Amino acid sequence: MLWYIGRRLLQLIPVFFGATFLIYLMVFALPGDPIAALFGGKTPPPAVIDALRAQYNLDKPFIVQYLIWVGGVFTGDFGIAYNGQAVSDIMARAFPLTAKLAVLALLFEAIIGITVGLVAGLRKGGVFDTVSLVVSLLLISVPTFVVGFLIQYIFGVELALIPTSVSANAGISAYIAPAFVLASVSIANILRLTRSSVAENMGADFVRTASAKGLSRGRVIRVHILRNSLIPVVTYLGIDLGALMVGAIVTEGIFNIPGVGGTVYQAVIRGEGPTVVSFVAVMVIIFMLANLLVDILYAVLDPRIRYGK
């Protein structure tokens with residue numbers, strides 16, 4: 001297992017350089033002059049533009065800019081944004097907010113999706129199963145921003161039960177509604193995935209054998225049905241953790257959360273290569289570590305899975 005973990009961690013190196021290089025190249029290729037955009041419609045003196053371009057290394061070739069950024073990363077310096085703030089300070093403000101939102105959304109996915117999917121799978125063809133499938137289809141069909149605005153208007157504006165805007169200093173309770181909005185589609189997907197896995201495993205030979213041995217229904221469900229049904233669900237949850245952090249831009253926009261999504265969007269608009277690439281680099285690491293955690297959980301859920309050399 002340790003050998004496998006070490007090998008997977010080494011895979012971070014080429015993925016890190018490949019992803020950051022491509023993102024830096026795409027930001028570099030964006031049309032327009034980011035320095036001229038800082039002054040809006042005004043035309044600054046050429047000397048000022050040259051000084052700013054030199055300050056942000058924009059007067060150097062693309063590959064030199066990228067190597068400067070990489071060199072800074074290994075010393076803990078992610079560069080300076082065009083507004084004069086250190087990129088590391090921007091990330092320190094944005095990432096905790098989005099991470100709080102994404103983790104809470106992931107909990108909603110796991111608790112609601114797995115629980116409802118398990119009951120629906122055990123009662124396949126019944127009323128509960130039919131209702132859950134209809135609700136999940138509705139959640140998948142309705143765009144996230146529609147769900148967000150509806151929840152914000154009904155529970156925030158009309159009933160005043162939730163805050164309509166979430167500040168950077170808000171408590172965890174203020175993130176419940178945004179987290180549910182962010183997780184709504186994934187809840188439906190996990191529900192349907194769990195339901196199909198449970199329904200399939202209920203007819204498996206090992207389940208019939210466990211029941212024939214006289215094991216209680218509760219033990220058969222927990223140990224034999226649910227445990228084996230969670231393998232594809234864990235895969236989805238692991239991949240979705242990174243997707244939630246990247247895809248939170250719509251939810252963050254609805255509830256005015258100053259997180260990663262809005263920050264990266266504004267950085268792309270301004271053509272801030274170091275800022276965009278720094279955020280992407282952290283995202284890549286989160287994705288890789290989440291996938292590694294999923295592989296480790298495979299061995300926990302299914303004893304037949306072992307990772308050797």
# chains A, B, ... in the order shown; residues from 1 in each chain; ligands from 1

$ closest_atom_pairs --of "stretch 226-270 of chain A" --to "stretch 25-47 of chain A" --cutoff "12 Å" --atoms "only C-alpha atoms" --output "tab-separated table"
residue	atom	partner	partner_atom	distance
A:Val264	CA	A:Val27	CA	11.5
A:Tyr265	CA	A:Val27	CA	11.7
A:Gln266	CA	A:Pro34	CA	11.9
A:Ala267	CA	A:Val27	CA	9.5
A:Val268	CA	A:Val27	CA	6.9
A:Ile269	CA	A:Pro34	CA	8.8
A:Arg270	CA	A:Pro34	CA	5.7

$ closest_residue --among "A:Tyr82, A:Asp59, A:Asn201, A:Ser136" --to "A:Gly271" --atoms "only C-alpha atoms"
A:Tyr82

$ residues_around --residues "A:Arg192" --least-positions-apart "4" --cutoff "12 Å" --atoms "only C-alpha atoms" --output "MDAnalysis selection string"
chainID A and resid 109 112:121 124 129:137 139:140 185:188 196:199 229 232:233 236

$ residues_around --residues "A:Phe206" --least-positions-apart "4" --cutoff "12 Å" --atoms "only C-alpha atoms" --output "list in words"
Glu200, Asn201, Met202, Ala210, Ser211, Ala212, Lys213, Leu215, Val220, Ile221, Val223, His224, Ile225 and Asn228 of chain A

$ atom_distance --atom1 "atom CA of A:Ile23" --atom2 "atom CA of A:Val277"
6.2 Å

$ select_by_dssp --residues "stretch 83-185 of chain A" --states "helix (DSSP H, G or I)" --output "VMD selection string"
chain A and resid 87 to 122 127 to 141 144 to 158 172 to 185

$ residues_around --residues "A:Leu182" --least-positions-apart "3" --cutoff "7 Å" --atoms "only C-alpha atoms" --output "PyMOL selection string"
chain A and resi 105+178-179+248+251

$ atom_distance --atom1 "atom CA of A:Thr235" --atom2 "atom CA of A:Ala204"
21.2 Å

$ closest_residue --among "A:Ala54, A:Leu97, A:Ala174, A:Leu22" --to "A:Tyr66" --atoms "only C-alpha atoms"
A:Leu22

$ closest_residue --among "A:Arg222, A:Ile80, A:Leu2, A:Ile296" --to "A:Val234" --atoms "only C-alpha atoms"
A:Ile296

$ atom_distance --atom1 "atom CA of A:Gly259" --atom2 "atom CA of A:Asp295"
28.8 Å

$ decode --residues "stretch 116-136 of chain A" --atoms "N, CA and C atoms" --output "mmCIF file, in the first residue's frame"
data_model
loop_
_atom_site.group_PDB
_atom_site.id
_atom_site.type_symbol
_atom_site.label_atom_id
_atom_site.label_comp_id
_atom_site.auth_asym_id
_atom_site.auth_seq_id
_atom_site.Cartn_x
_atom_site.Cartn_y
_atom_site.Cartn_z
ATOM 1 N N VAL A 116 -31.305 7.963 0.885
ATOM 2 C CA VAL A 116 -32.508 7.834 0.056
ATOM 3 C C VAL A 116 -32.309 6.762 -1.011
ATOM 4 N N GLY A 117 -31.118 6.710 -1.597
ATOM 5 C CA GLY A 117 -30.848 5.698 -2.609
ATOM 6 C C GLY A 117 -30.897 4.289 -2.056
ATOM 7 N N LEU A 118 -30.417 4.113 -0.808
ATOM 8 C CA LEU A 118 -30.463 2.792 -0.178
ATOM 9 C C LEU A 118 -31.900 2.350 0.046
ATOM 10 N N VAL A 119 -32.711 3.230 0.608
ATOM 11 C CA VAL A 119 -34.109 2.877 0.866
ATOM 12 C C VAL A 119 -34.848 2.614 -0.449
ATOM 13 N N ALA A 120 -34.584 3.444 -1.465
ATOM 14 C CA ALA A 120 -35.245 3.253 -2.763
ATOM 15 C C ALA A 120 -34.831 1.934 -3.398
ATOM 16 N N GLY A 121 -33.552 1.578 -3.278
ATOM 17 C CA GLY A 121 -33.094 0.312 -3.843
ATOM 18 C C GLY A 121 -33.679 -0.888 -3.133
ATOM 19 N N LEU A 122 -33.827 -0.791 -1.802
ATOM 20 C CA LEU A 122 -34.415 -1.899 -1.044
ATOM 21 C C LEU A 122 -35.896 -2.041 -1.329
ATOM 22 N N ARG A 123 -36.544 -0.930 -1.708
ATOM 23 C CA ARG A 123 -37.983 -0.949 -1.993
ATOM 24 C C ARG A 123 -38.229 -0.661 -3.478
ATOM 25 N N LYS A 124 -37.434 -1.280 -4.322
ATOM 26 C CA LYS A 124 -37.535 -1.037 -5.751
ATOM 27 C C LYS A 124 -38.937 -1.348 -6.269
ATOM 28 N N GLY A 125 -39.481 -0.374 -7.023
ATOM 29 C CA GLY A 125 -40.808 -0.542 -7.572
ATOM 30 C C GLY A 125 -41.918 -0.018 -6.691
ATOM 31 N N GLY A 126 -41.572 0.387 -5.462
ATOM 32 C CA GLY A 126 -42.586 0.886 -4.546
ATOM 33 C C GLY A 126 -42.839 2.370 -4.721
ATOM 34 N N VAL A 127 -43.690 2.910 -3.850
ATOM 35 C CA VAL A 127 -44.041 4.334 -3.919
ATOM 36 C C VAL A 127 -42.826 5.201 -3.616
ATOM 37 N N PHE A 128 -42.084 4.845 -2.566
ATOM 38 C CA PHE A 128 -40.906 5.636 -2.199
ATOM 39 C C PHE A 128 -39.893 5.660 -3.332
ATOM 40 N N ASP A 129 -39.678 4.528 -3.955
ATOM 41 C CA ASP A 129 -38.746 4.443 -5.076
ATOM 42 C C ASP A 129 -39.201 5.330 -6.224
ATOM 43 N N THR A 130 -40.481 5.297 -6.556
ATOM 44 C CA THR A 130 -41.012 6.110 -7.659
ATOM 45 C C THR A 130 -40.886 7.593 -7.371
ATOM 46 N N VAL A 131 -41.233 8.002 -6.155
ATOM 47 C CA VAL A 131 -41.149 9.416 -5.781
ATOM 48 C C VAL A 131 -39.705 9.902 -5.806
ATOM 49 N N SER A 132 -38.796 9.106 -5.273
ATOM 50 C CA SER A 132 -37.389 9.504 -5.250
ATOM 51 C C SER A 132 -36.814 9.646 -6.653
ATOM 52 N N LEU A 133 -37.210 8.767 -7.564
ATOM 53 C CA LEU A 133 -36.744 8.865 -8.946
ATOM 54 C C LEU A 133 -37.280 10.129 -9.619
ATOM 55 N N VAL A 134 -38.537 10.465 -9.358
ATOM 56 C CA VAL A 134 -39.120 11.679 -9.940
ATOM 57 C C VAL A 134 -38.422 12.920 -9.400
ATOM 58 N N VAL A 135 -38.200 12.961 -8.092
ATOM 59 C CA VAL A 135 -37.525 14.119 -7.485
ATOM 60 C C VAL A 135 -36.087 14.240 -8.002
ATOM 61 N N SER A 136 -35.390 13.120 -8.109
ATOM 62 C CA SER A 136 -34.014 13.169 -8.609
ATOM 63 C C SER A 136 -33.967 13.626 -10.058
#
